[in-house]
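Undergrad: Okay, here's the structure, questions in a sec.
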Amino acid sequence: MAVHKLLLLPGDGIGVEVMAQVKRVVKWLDTQGLASFAIEEDLVGGAAYDDCGAPISEEAMTRAAEADAILLGAVGGPKWDGVPYALRPEAGLLRLRKDLHLFANLRPAICYPALADASSLKRELVEGLDVLIVRELTGGVYFGEPKTITNLSDGQKRAVDTQVYESYEIERIARVAFDLARTRRNSVVSSEKHNVMMSGVLWKEVVSSVHGADYPDVQLRHQLADSCAMQLVRAPKQFDVIVTDNLFGDILSDVAAMLTGSLGMLPSASLGPMEEVSGKRSALYEPVHGAAPDIAGKELANPIAMIGSLGMALRYSFGLGEIADRIDAAVAGALAKGYRTGDINAEGMTLVGTQGMGDAILAELERVN
Ligand code: IPM
Ligand code: MN
């Protein structure tokens, strides 16, 4: 059996607690002989900063480059508010994304039937929701230069961030979105702000031309990002795949996450380009939620997004889609049995902590084994 090199980077806050549940699932898969892993673990974010003065060490970067897949918990927290900007916890995550060329961020938002009432929208609007946000992850305003604050002669200051996209970046993320749409409901909404941004004008132009040349069979609609946000909360089930830039994708995916009941439910995959010779691509999997310092260390966090991220790693990096399906089914089963962490709790349900949800999911895996 192939041995998969998996690097675990729990990071900060609830990242550590939810990763502990992933370790239990990984161990279970190993002992059942369903998959075989070589596991390494390292620090990222504030934890790495406390250890070595940088949000990720060179050694961890080397391990990340050598891994078949990386699982990351979360980074950040008020403890590191005062650290220099370049060394803040988030910089560790951004460096991983940039240096490993993880340009394609897939953020599926699926509403489990058992959770339709936990959504802030009405059940009929979200029940059966299955949207995939494809977010460009290595360009745009996150990385554009200049990125500065300068002092002006009159005592004022000026801050500059730069939104920059080159056509190849737009083209490759558009292809990812169209390819994925073909495996789903064959429809893509491309979202930008061409009414006020030149990068939006280019985005729209490139997406249209990729579509016309190679994907005429896929339905394509262009929608301004603000209008897309509005439609996401008005009638989210109209969407299949949404492709958008780094910043709009960050915002729209938080909206989509909340439709599913809780931010604690959403996994994500960040993929690099496919290497032609090996057929491999670098990949990092992480929950969409953050480090949630307010509930960290209290065993309150929902581990479902983190466990779902392991599922995505099995599916997209290791060719183990069937086992990923079993993990998804085990999560759905635990929810159907009424187990709930605080973020998704409702009347009549069984409130459990992080560990308790891990127990419930493992019990479901055992049951259907
Ligand atoms: C996310 C997060 C990150 C982002 C932060 C932690 C840098 O919000 O993955 O959505 O803005 O991309
Ligand atoms: Mn975000």
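To be explicit about the labels: the chains of the structure tokens are called A, B, and onward in the order shown, and within each one the residues are counted from 1, while ligands get numbers from 1 in the order they are shown.
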So which residues of region 80-311 of chain A fall under strand (DSSP E) by DSSP, listed as number ranges by chain?
TA: A: 104-110, 130-136, 148-151, 157-160, 187-192, 219-224, 241-244, 267-271, 283-287
Undergrad: Just C-alpha atoms for this one: save the residues we selected as a PDB file, in the first residue's frame.
TA:
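Contents of the output file again_20.pdb:
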ATOM      1  CA  ALA A 104      -6.472  27.086  -6.310  1.00  0.00           C
ATOM      2  CA  ASN A 105      -8.499  27.227  -3.114  1.00  0.00           C
ATOM      3  CA  LEU A 106     -11.605  25.037  -3.144  1.00  0.00           C
ATOM      4  CA  ARG A 107     -14.172  25.876  -0.483  1.00  0.00           C
ATOM      5  CA  PRO A 108     -17.240  23.663  -0.687  1.00  0.00           C
ATOM      6  CA  ALA A 109     -20.277  24.765   1.306  1.00  0.00           C
ATOM      7  CA  ILE A 110     -22.637  21.866   1.823  1.00  0.00           C
ATOM      8  CA  ASP A 130     -24.054  22.536  -2.439  1.00  0.00           C
ATOM      9  CA  VAL A 131     -21.918  25.475  -3.570  1.00  0.00           C
ATOM     10  CA  LEU A 132     -18.238  25.342  -4.413  1.00  0.00           C
ATOM     11  CA  ILE A 133     -16.238  28.532  -4.114  1.00  0.00           C
ATOM     12  CA  VAL A 134     -13.058  28.476  -6.165  1.00  0.00           C
ATOM     13  CA  ARG A 135     -10.873  31.228  -4.756  1.00  0.00           C
ATOM     14  CA  GLU A 136      -7.643  32.419  -6.390  1.00  0.00           C
ATOM     15  CA  THR A 148       3.126  50.084   2.426  1.00  0.00           C
ATOM     16  CA  ILE A 149       2.286  52.735   4.974  1.00  0.00           C
ATOM     17  CA  THR A 150       4.271  55.951   4.428  1.00  0.00           C
ATOM     18  CA  ASN A 151       4.470  59.193   6.367  1.00  0.00           C
ATOM     19  CA  LYS A 157      -0.034  58.848   6.597  1.00  0.00           C
ATOM     20  CA  ARG A 158      -0.820  56.961   3.404  1.00  0.00           C
ATOM     21  CA  ALA A 159      -1.520  53.239   3.174  1.00  0.00           C
ATOM     22  CA  VAL A 160      -1.277  51.391  -0.119  1.00  0.00           C
ATOM     23  CA  SER A 187     -22.466  26.039 -14.094  1.00  0.00           C
ATOM     24  CA  VAL A 188     -19.974  28.763 -13.149  1.00  0.00           C
ATOM     25  CA  VAL A 189     -20.524  32.271 -11.807  1.00  0.00           C
ATOM     26  CA  SER A 190     -17.432  34.465 -12.145  1.00  0.00           C
ATOM     27  CA  SER A 191     -17.339  37.285  -9.654  1.00  0.00           C
ATOM     28  CA  GLU A 192     -15.312  40.528  -9.729  1.00  0.00           C
ATOM     29  CA  GLN A 219     -22.879  27.607 -18.356  1.00  0.00           C
ATOM     30  CA  LEU A 220     -21.104  30.878 -17.433  1.00  0.00           C
ATOM     31  CA  ARG A 221     -22.479  34.003 -15.824  1.00  0.00           C
ATOM     32  CA  HIS A 222     -20.547  37.107 -14.704  1.00  0.00           C
ATOM     33  CA  GLN A 223     -21.725  38.742 -11.520  1.00  0.00           C
ATOM     34  CA  LEU A 224     -20.367  41.729  -9.620  1.00  0.00           C
ATOM     35  CA  VAL A 241     -19.384  26.922  -8.764  1.00  0.00           C
ATOM     36  CA  ILE A 242     -18.320  30.495  -7.979  1.00  0.00           C
ATOM     37  CA  VAL A 243     -14.867  31.538  -9.216  1.00  0.00           C
ATOM     38  CA  THR A 244     -13.390  34.707  -7.793  1.00  0.00           C
ATOM     39  CA  PRO A 267     -13.156  22.340   4.979  1.00  0.00           C
ATOM     40  CA  SER A 268     -10.953  23.639   2.187  1.00  0.00           C
ATOM     41  CA  ALA A 269      -8.275  22.473  -0.210  1.00  0.00           C
ATOM     42  CA  SER A 270      -5.493  24.643  -1.594  1.00  0.00           C
ATOM     43  CA  LEU A 271      -3.867  23.086  -4.622  1.00  0.00           C
ATOM     44  CA  ALA A 283      -1.633  20.607  -1.505  1.00  0.00           C
ATOM     45  CA  LEU A 284      -2.673  22.078   1.804  1.00  0.00           C
ATOM     46  CA  TYR A 285      -5.966  21.336   3.532  1.00  0.00           C
ATOM     47  CA  GLU A 286      -7.434  23.522   6.264  1.00  0.00           C
ATOM     48  CA  PRO A 287     -10.747  24.459   7.827  1.00  0.00           C
TER      49      PRO A 287
END
Undergrad: Dump as JSON lines the rows for residues of chain A within 7 Å of ligand 2: closest atom pair and distance in Å with one decimal, only C-alpha atoms and all ligand atoms counted, ordered by chain and rising residue number.
TA:
{"residue": "A:Asp250", "atom": "CA", "partner": "ligand 2", "partner_atom_place_in_ligand_line": "1 (Mn)", "distance": 4.5}
{"residue": "A:Ile251", "atom": "CA", "partner": "ligand 2", "partner_atom_place_in_ligand_line": "1 (Mn)", "distance": 6.4}
{"residue": "A:Asp254", "atom": "CA", "partner": "ligand 2", "partner_atom_place_in_ligand_line": "1 (Mn)", "distance": 6.3}
{"residue": "A:Val288", "atom": "CA", "partner": "ligand 2", "partner_atom_place_in_ligand_line": "1 (Mn)", "distance": 6.5}
Undergrad: Go ahead and write the residues just picked, all heavy atoms, as an mmCIF file, in the first residue's frame.
TA:
data_model
loop_
_atom_site.group_PDB
_atom_site.id
_atom_site.type_symbol
_atom_site.label_atom_id
_atom_site.label_comp_id
_atom_site.auth_asym_id
_atom_site.auth_seq_id
_atom_site.Cartn_x
_atom_site.Cartn_y
_atom_site.Cartn_z
ATOM 1 N N ASP A 250 -12.221 35.346 -0.124
ATOM 2 C CA ASP A 250 -12.136 35.296 1.346
ATOM 3 C C ASP A 250 -13.481 35.672 1.956
ATOM 4 O O ASP A 250 -14.000 34.989 2.834
ATOM 5 C CB ASP A 250 -11.039 36.259 1.812
ATOM 6 C CG ASP A 250 -10.874 36.245 3.326
ATOM 7 O OD1 ASP A 250 -10.855 35.141 3.904
ATOM 8 O OD2 ASP A 250 -10.785 37.336 3.927
ATOM 9 N N ILE A 251 -14.061 36.735 1.435
ATOM 10 C CA ILE A 251 -15.308 37.251 2.007
ATOM 11 C C ILE A 251 -16.499 36.357 1.633
ATOM 12 O O ILE A 251 -17.278 35.948 2.498
ATOM 13 C CB ILE A 251 -15.535 38.697 1.517
ATOM 14 C CG1 ILE A 251 -14.397 39.600 2.044
ATOM 15 C CG2 ILE A 251 -16.892 39.211 1.971
ATOM 16 C CD1 ILE A 251 -14.302 40.938 1.368
ATOM 17 N N ASP A 254 -16.707 33.099 3.613
ATOM 18 C CA ASP A 254 -17.241 33.206 4.984
ATOM 19 C C ASP A 254 -18.772 33.273 4.956
ATOM 20 O O ASP A 254 -19.447 32.677 5.793
ATOM 21 C CB ASP A 254 -16.699 34.451 5.707
ATOM 22 C CG ASP A 254 -15.475 34.142 6.562
ATOM 23 O OD1 ASP A 254 -14.724 33.220 6.192
ATOM 24 O OD2 ASP A 254 -15.267 34.809 7.593
ATOM 25 N N VAL A 288 -12.014 26.381 7.023
ATOM 26 C CA VAL A 288 -12.179 27.802 6.680
ATOM 27 C C VAL A 288 -12.191 28.652 7.958
ATOM 28 O O VAL A 288 -11.794 29.816 7.949
ATOM 29 C CB VAL A 288 -13.468 28.006 5.854
ATOM 30 C CG1 VAL A 288 -13.796 29.479 5.654
ATOM 31 C CG2 VAL A 288 -13.318 27.336 4.490
#
Undergrad: Could you please extract the residues within 7 Å of ligand 1, counting only C-alpha atoms and all ligand atoms, and hand them back as a PyMOL selection string?
TA: chain A and resi 75+90+93-94+250+288+290
Undergrad: Near His4 (chain A), within 10 Å and counting only C-alpha atoms, which residues show up once chain neighbours fewer than 3 positions away are dropped, as a PyMOL selection string?
TA: chain A and resi 1+7+35-39+67-69+314+317-318
Undergrad: May I have the residues within 10 Å of Asp325 (chain A) as a list in words, using only C-alpha atoms and disregarding those fewer than 5 positions away in the same chain?
TA: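 Result of the neighbour search: Gly311, Met312, Leu314, Arg315, Leu320, Ala330 and Val331 of chain A.
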Undergrad: Using only C-alpha atoms, find the one residue out of A:Tyr215, A:Trp28, A:Tyr49, A:Trp203 that sits nearest to Ala177 (chain A).
TA: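 The answer is A:Tyr215, which sits nearest to Ala177 (chain A).
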Undergrad: So, with only C-alpha atoms as the atoms that count, which of A:Ser199, A:Gln156, A:Ser208, A:Ser119 lies closest to Gly264 (chain A)?
TA: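 Answer, going by the shortest atom-to-atom distance: A:Ser119.
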Undergrad: Could you give me, as an NGL selection string, each residue of region 10-125 of chain A that DSSP assigns to alpha helix (DSSP H) when run on this structure's backbone?
TA: :A and (14-31 or 46-52 or 58-66 or 89-99 or 123-125)
Undergrad: Expressed in Å to a single decimal, how great is the separation between CA of Leu71 (chain A) and CA of Thr350 (chain A)?
TA: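 CA of Thr350 (chain A) lies at a distance of 28.6 Å from CA of Leu71 (chain A).
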Undergrad: Give me, please, the distance in Å between CA of Gln32 (chain A) and CA of Ala336 (chain A), quoted to one decimal.
TA: 24.4 Å
Undergrad: Would you please work out which residue, of A:Ala324, A:Val126, A:Val233, A:Leu115, is nearest to Met265 (chain A) when using only C-alpha atoms?
TA: A:Leu115
Undergrad: Here is a test: counting only C-alpha atoms, which residue of A:Glu299, A:Glu17, A:Asp99, A:Glu169 is nearest to Gly73 (chain A)?
TA: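 Of all the options, A:Glu17 lies closest to Gly73 (chain A).
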Undergrad: Which residues are close to Leu100 (chain A), i.e. within 9 Å by only C-alpha atoms, leaving aside same-chain residues fewer than 3 positions away? Reply as a list in words.
TA: Ala64, Ala65, Arg95, Leu96, Arg97, Phe103, Leu271, Gly272, Ser282 and Ala283 of chain A
Undergrad: I need the chosen residues saved as a PDB file, in the first residue's frame, with C-alpha atoms.
TA:
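Full text of selection.pdb as output:
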ATOM      1  CA  ALA A  64       6.015  21.167   3.735  1.00  0.00           C
ATOM      2  CA  ALA A  65       7.652  21.081   0.309  1.00  0.00           C
ATOM      3  CA  ARG A  95       4.122  31.987   2.929  1.00  0.00           C
ATOM      4  CA  LEU A  96       3.007  28.368   2.635  1.00  0.00           C
ATOM      5  CA  ARG A  97       0.387  29.372   0.067  1.00  0.00           C
ATOM      6  CA  PHE A 103      -3.194  29.032  -6.312  1.00  0.00           C
ATOM      7  CA  LEU A 271      -3.867  23.086  -4.622  1.00  0.00           C
ATOM      8  CA  GLY A 272      -0.773  23.864  -6.671  1.00  0.00           C
ATOM      9  CA  SER A 282       1.393  20.379  -3.751  1.00  0.00           C
ATOM     10  CA  ALA A 283      -1.633  20.607  -1.505  1.00  0.00           C
TER      11      ALA A 283
END
Undergrad: Identify which of the residues A:Leu310, A:Ile344, A:Ala47, A:Val141 lies closest to Asp245 (chain A), counting only C-alpha atoms when measuring atom-to-atom distances.
TA: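 Result for the nearest residue to Asp245 (chain A): A:Val141.
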Undergrad: Pick from A:Glu145, A:Asp359, A:Glu322, A:Glu366: nearest to Ala20 (chain A), with only C-alpha atoms counted?
TA: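 Ranked by minimum distance to Ala20 (chain A), first place goes to A:Asp359.
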Undergrad: What is the distance between CA of Leu300 (chain A) and CA of Gly353 (chain A), in Å to one decimal?
TA: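 CA of Leu300 (chain A) sits 5.0 Å away from CA of Gly353 (chain A).
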